[in-house]
Structure formats: C-alpha cells, structure tokens
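J.: Before we start, here is the structure in question, set down as structure tokens.
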Amino acid sequence: VRFDAAAVPRVKAWLASFAAEIATADMVDAFNTTFRTMRAALGRDPSELRVLWRNVAFSAPGLAKLTSDAEVAAFVDGAFKAGAEARSSTIGDPANGAPGDPRTWVAGTRSPDMVLILAADDEASLDAECASLTAALQPLASAPVYVEHGHTRAAEPGHEHFGFRDGISQPGVRGRSGPNEFFTPRLLDPSDPLARTFAAPGQPLVWPGEFLLNLPQQLTDGSPPTASVTRVCGPAWATNGSYLVFRRLRQDVPAFNAMVARAAAALRAHPEFATITDELAGALIVGRFKSGVPVMRALADDPELAKDVYASNNFLFEHDTPAVKPRSGSGLAVDTFPPAHADGTGARCPFAAHVRKVNPRDETTDFGGAANTLARRLIRRGIPYGPDYDAGDPASAAADRGLLFLAYCSSIQRQFEDFVLDWVNADAPHDDSGPDPVVGLASARTMTWRDARGVPVERTPMGPSPVVATGGAYLFAPAKSAILNRLARP
Ligand code: HEM
C-alpha cells in the first residue's frame, strides 16, 4: 500500500482499528500449544483447527509519514533506512537493467509504504479477508493496492519449487512466554549440558534481541553463546518490533535441474564420483535431499529419517554431532539414525552447499567462533508463489514461480546483507568453495568439489543463478503496542 501525506490521518485511524486484529506472538504461541496438544492426542494434524493471521509492516518512508524523519533516523540499521531498491546492487543484484535490477521488479512490490501480511489455512477465508482489506485500504492509497499471493504447493506441501523440503531449520528464541513455559519448546533433558544452548537437536538458542529490537542480543566478542548484551537499535517505541526482509525470488526450475545435471556429469568424469546420480548431486548442492534428509547424516535418501524432523536437523559440520538426551514428555524420540561425523574438510558436505553457506553451525568462520554465527541468523517465514513446474508442459517453464522470501531479524545489515555478501555470494566462510549455487550472485559462479581427503578435484562452472529477484522491500514490523501508542496517534 502506498499513501501520501494527505491520507495520513485516515491511515492512522485505520491502523487504530486494525491493531486489534494483529496476530501477536502470544496468540500464535497459544494456538501452537493447542495444535501440538491436539496432534499428540489425535496422532494426526488437527486439520479442524483453522486460523487466519494478520500483521502489518512499514518501509522507512512509510514510517516517516506516520511519525517523523527524526524518529526514522533513530533506527540504527542503515540498510533499512536506505531501502531494498537502493541496496539491491550492494547484495549482488545487477544494476544494468538485466533481470534482478530493481527497475525490472514487479511494479507493485516497489517502494511500498505499508505491507499487510495475511496467512490462513484455507484459501476461501484468505481471499475474503484480502478482498475486504483491499476495499478498506484502496480509498486511503495513492496507487492501486498491490496483492501478492503465496501458497504451499498442493503437489508437495512444505517443499519449495526446486522440490526440496523447506522450513526445517529455524533458530530457537531464548526466554519464556509464561511463568512455566519457554517461548521455544525445550526438548532436551535439563541434565544434558546441551540443554543450555539448544532448544531441540540442531536448533540453537538465540537471544530474542537478534529478532526483536532493543532486547538482549548475542555477543560477538568470543563470549559464550549464553552471554548477552542489550544495544539500542531504534527509538524506544520500536522495542519488540522486528525488521522484515522481503525478496520476491523467481525460481527457474529447468535451469536449476540443468545446473544439477551438468554438475553431476562433470563429477562422473572423476573416478571417486563415477557413480554419482543427479539426485545425489542436487542433495550435495543444497546440503539436503529433496525429502529434507541432510547429506551430513545420509548419502542416500531415507524416508524414515525424513519423517523425523528433529533427527533431520541434528547435525554439525566441524565436530562429531553428540547424542542428545530427550526431555521426558517432550515427544522427542531417541535418535537412532547414524550420527553426523566431523567434516572439517568439506569432503562430505560441500562448503558451498546452500545450508552450509547460510548456517555454518558449529564452524569457526571469518566472522569468529561458532557463537558469532548466532548473530547472523534469520527467522524465515517465506512461502512459494506461482504454479508448480510441469516438465510435460513446454509452456510451464516460462511461468512466474518462486519464493516470497520473508525473514525477520533485528539488523538487516548484519543478519542479511553482510551475511549474503561475506558468505552467500563469496568464496567464504571457506576459501575455494565458490558462492552458494542456489542463491549466490557472483560474476563467475563455480562450485568446488572435494575428494574423501578434502582435496579439490573439480571446479564446476554453475552458470547464472537459477534464482533472480523480481521484487523486494526492507520493512519494519512494529509491536502491536507501538501501533496503538505511536503509529496510530497523531
Ligand atoms: C528461492 C530461493 C531459495 C531456495 C529455493 C531455498 C531453499 C532452501 C532449502 C531447501 C533449505 C533447507 C530447509 C531447511 O533447512 O529449513 C533452506 C534453508 C535455509 N535457507 Fe534457503 N532458499 C532460498 C533462499 C534463501 C535466501 C535468500 C536465504 C538468505 C539469504 C536463505 C537462507 C536459508 C537459511 C538460513 C536456511 C536454514 C539453514 C540451516 O539452518 O541449516 N535461503 N533454503
């Protein structure tokens, strides 16, 4: 939604009434607890529980219209204040008019003042709510309200368009949601020393200030991950709010499949990779099989491991992954799958593999020790858009499909931009890795493959990225109290 200065009093009045509708963390948490309780009792997902969540976020220009230039200047994050279009070439998008250049972005996603997010279990109620909100907002808007539709893929729910299961790994947030309840469920037995630093296997605990402004954050000075520091990130009313990075990422499925097939063919020329299949090459490129099974735990897909979302996320890279002790009553099963062994040389999981680039887990990086990586985590809330790819339909390749990448953090600069620049688009955190083959943007994209000793044996040209930005925005999602007490006020 874009609005001009004359509409500000009406936007404020609308926000005052909409605030009551916003899904707060408490509401979602209560729902999730009920969902988990019912699932445990019924032995299946309680599909009869249905919800519709609403939230709102603002760009820096939108916030300035509702508050003041001085208040927006008080946000510390320079990337947020500059905006996604101005920063796009910084993170590797082309600036020469080629696809990815903001001038080619879907017009509706460019320069929004306000973005509403609706999420629902059924499409009919979502469409009805979307229509009613659009009708309410259009009279306040200076341009047609633009609507972007995302949906889980009907053919493969939970899988993105390249076919890989997504949304398995998320950081755990430290802290409690009530006197007797942790915000992120703790599945490890308190007697397990790992329970101090992990909420669940492979899910480290991160201070809430990494996702919400003005709250305790991770220290990056070599202190243990349990240490925290509170820094001012923005005006006092921004406390408990979160930055939201939105990137509309178009995915070229045939180009991705061709990239995987080329890499597999190049590898087969080497005796140690002579039997590699396209399926395994794809898994090594992502770091997981399409089912979600991590290559650190299995080099052949394993439906039983795939079903266990906790075991599927229980792996480290630099060290052997220790066994964890489940807390009784937590529902966490004892993990009997073969454990992940240390892979400091990248012999098992390539250093460039998407999940290793974007979360090096226990590895020491150029950014510091493993605890420092906790200051580069995002809470991902993306969803696919567009029709499924149909290999049997020649017209299908040209359709617009991809990921509405949405990620929450407390510093767009540190947790998104620096992390993309330093690792995703670069030959780091490991030298001679190549950029992330899935989303890395670099002029010469090669991927380095190592033999069992970790010696590079193949550097495959990966071609242009199969993922291209077609829209985006850097936003701030305020706490409900900030809407009521500041943004909706004159
Ligand atoms: C269309 C583009 C993308 C695709 C197809 C994609 C796909 C995937 C897949 C399949 C996973 C594994 C599932 C999981 O571990 O939860 C994953 C994980 C992840 N992705 Fe992406 N991704 C995309 C873009 C991005 C971008 C732009 C970023 C950030 C710059 C990113 C950051 C992450 C992170 C942080 C994880 C979790 C890794 C972990 O904790 O082990 N992804 N992605």
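Each chain of the structure tokens is named A, B, ... in the order shown, its residues numbered from 1; ligands are numbered from 1 in display order.
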Please extract the residues at most 7 Å from ligand 1, counting only C-alpha atoms and all ligand atoms, and provide them as a ChimeraX atom specification, using the chain letters and residue numbers of this document.
T.: /A:160-162,164-170,249-251,286,288,292,354-356,358-359,377-378,402-403,405,416,420,438-439,467
J.: Show me a table, sorted first by chain and then by increasing residue number, of the residues of region 30-141 of chain A having an atom at most 12 Å from region 181-187 of chain A, each with its shortest atom pair and the distance in Å to one decimal, counting only C-alpha atoms and written as CSV.
T.:
residue,atom,partner,partner_atom,distance
A:Ala30,CA,A:Phe183,CA,10.4
A:Asn32,CA,A:Pro185,CA,10.5
A:Thr33,CA,A:Pro185,CA,9.5
A:Arg36,CA,A:Pro185,CA,10.7
J.: Save out the residues we just selected, N, CA, C and O atoms, as a tab-separated table (two decimals), in the first residue's frame.
T.:
chain	number	residue	atom	x	y	z
A	30	ALA	N	-0.19	-19.52	21.75
A	30	ALA	CA	-1.31	-20.26	22.35
A	30	ALA	C	-1.89	-21.24	21.33
A	30	ALA	O	-2.20	-22.40	21.65
A	32	ASN	N	-0.29	-22.56	18.78
A	32	ASN	CA	0.66	-23.65	18.52
A	32	ASN	C	0.64	-24.68	19.65
A	32	ASN	O	0.75	-25.88	19.40
A	33	THR	N	0.46	-24.19	20.89
A	33	THR	CA	0.39	-25.12	22.03
A	33	THR	C	-0.84	-26.02	21.88
A	33	THR	O	-0.77	-27.24	22.05
A	36	ARG	N	-0.24	-28.53	19.10
A	36	ARG	CA	0.65	-29.63	19.50
A	36	ARG	C	-0.06	-30.60	20.43
A	36	ARG	O	0.06	-31.82	20.28
J.: Would you mind listing what lies within 9 Å of Pro339 (chain A) as a PDB file with N, CA and C atoms, in the first residue's frame, with only C-alpha atoms counted and same-chain residues fewer than 6 positions away left out?
T.:
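Once everything was written out, this is selection-v2.pdb:
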ATOM      1  N   MET A 296      24.788 -34.642   5.625  1.00  0.00           N
ATOM      2  CA  MET A 296      25.686 -34.914   6.748  1.00  0.00           C
ATOM      3  C   MET A 296      25.286 -36.206   7.463  1.00  0.00           C
ATOM      4  N   ARG A 297      24.049 -36.644   7.304  1.00  0.00           N
ATOM      5  CA  ARG A 297      23.605 -37.852   8.000  1.00  0.00           C
ATOM      6  C   ARG A 297      23.398 -39.042   7.082  1.00  0.00           C
ATOM      7  N   ALA A 298      23.193 -38.813   5.791  1.00  0.00           N
ATOM      8  CA  ALA A 298      22.950 -39.944   4.883  1.00  0.00           C
ATOM      9  C   ALA A 298      23.323 -39.535   3.471  1.00  0.00           C
ATOM     10  N   ASN A 314      19.568 -32.664  13.094  1.00  0.00           N
ATOM     11  CA  ASN A 314      20.562 -32.910  14.139  1.00  0.00           C
ATOM     12  C   ASN A 314      21.922 -33.186  13.504  1.00  0.00           C
ATOM     13  N   PHE A 315      22.607 -32.110  13.108  1.00  0.00           N
ATOM     14  CA  PHE A 315      23.949 -32.306  12.543  1.00  0.00           C
ATOM     15  C   PHE A 315      24.775 -31.045  12.722  1.00  0.00           C
ATOM     16  N   ASP A 320      32.048 -33.911  15.474  1.00  0.00           N
ATOM     17  CA  ASP A 320      31.084 -35.017  15.534  1.00  0.00           C
ATOM     18  C   ASP A 320      29.832 -34.512  16.248  1.00  0.00           C
ATOM     19  N   THR A 321      28.670 -34.925  15.794  1.00  0.00           N
ATOM     20  CA  THR A 321      27.427 -34.447  16.426  1.00  0.00           C
ATOM     21  C   THR A 321      27.130 -35.323  17.640  1.00  0.00           C
ATOM     22  N   PRO A 322      27.097 -34.717  18.848  1.00  0.00           N
ATOM     23  CA  PRO A 322      26.853 -35.545  20.040  1.00  0.00           C
ATOM     24  C   PRO A 322      25.397 -35.999  20.128  1.00  0.00           C
ATOM     25  N   ALA A 323      25.190 -37.135  20.792  1.00  0.00           N
ATOM     26  CA  ALA A 323      23.810 -37.598  21.032  1.00  0.00           C
ATOM     27  C   ALA A 323      23.164 -36.660  22.047  1.00  0.00           C
TER      28      ALA A 323
END
J.: Name all residues at most 9 Å from region 86-90 of chain A (count only C-alpha atoms; drop same-chain ones fewer than 3 positions away) and give them as a list in words.
T.: Ala79, Ala82, Gly83, Asp93, Pro94, Ala95, Gly100, Asp101, Pro102, Glu417, Leu421 and Gly472 of chain A
J.: Can you check which residues of region 37-148 of chain A DSSP gives as alpha helix (DSSP H) on the backbone and send them as number ranges by chain?
T.: A: 37-42, 60-66, 69-73, 78-82, 84-87, 123-137
J.: Region 160-185 of chain A near region 193-198 of chain A within 10 Å: what's each residue's closest atom pair and its distance in Å to one decimal, counting only C-alpha atoms, ordered by chain then ascending residue number, as JSON lines?
T.:
{"residue": "A:Pro171", "atom": "CA", "partner": "A:Phe198", "partner_atom": "CA", "distance": 9.1}
{"residue": "A:Gly172", "atom": "CA", "partner": "A:Phe198", "partner_atom": "CA", "distance": 7.5}
{"residue": "A:Val173", "atom": "CA", "partner": "A:Phe198", "partner_atom": "CA", "distance": 9.8}
{"residue": "A:Arg174", "atom": "CA", "partner": "A:Thr197", "partner_atom": "CA", "distance": 9.2}
J.: Within 8 Å of region 384-397 of chain A, counting only C-alpha atoms, which residues qualify if same-chain residues fewer than 4 places away don't, as JSON, numbers by chain?
T.: {"A": [149, 150, 151, 152, 153, 155, 160, 161, 252, 253, 254, 401, 402, 403, 404]}
J.: Quick one: pull the distance between CA of Gly454 (chain A) and CA of Phe273 (chain A), Å, one decimal.
T.: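 Those two atoms sit 13.4 Å apart.
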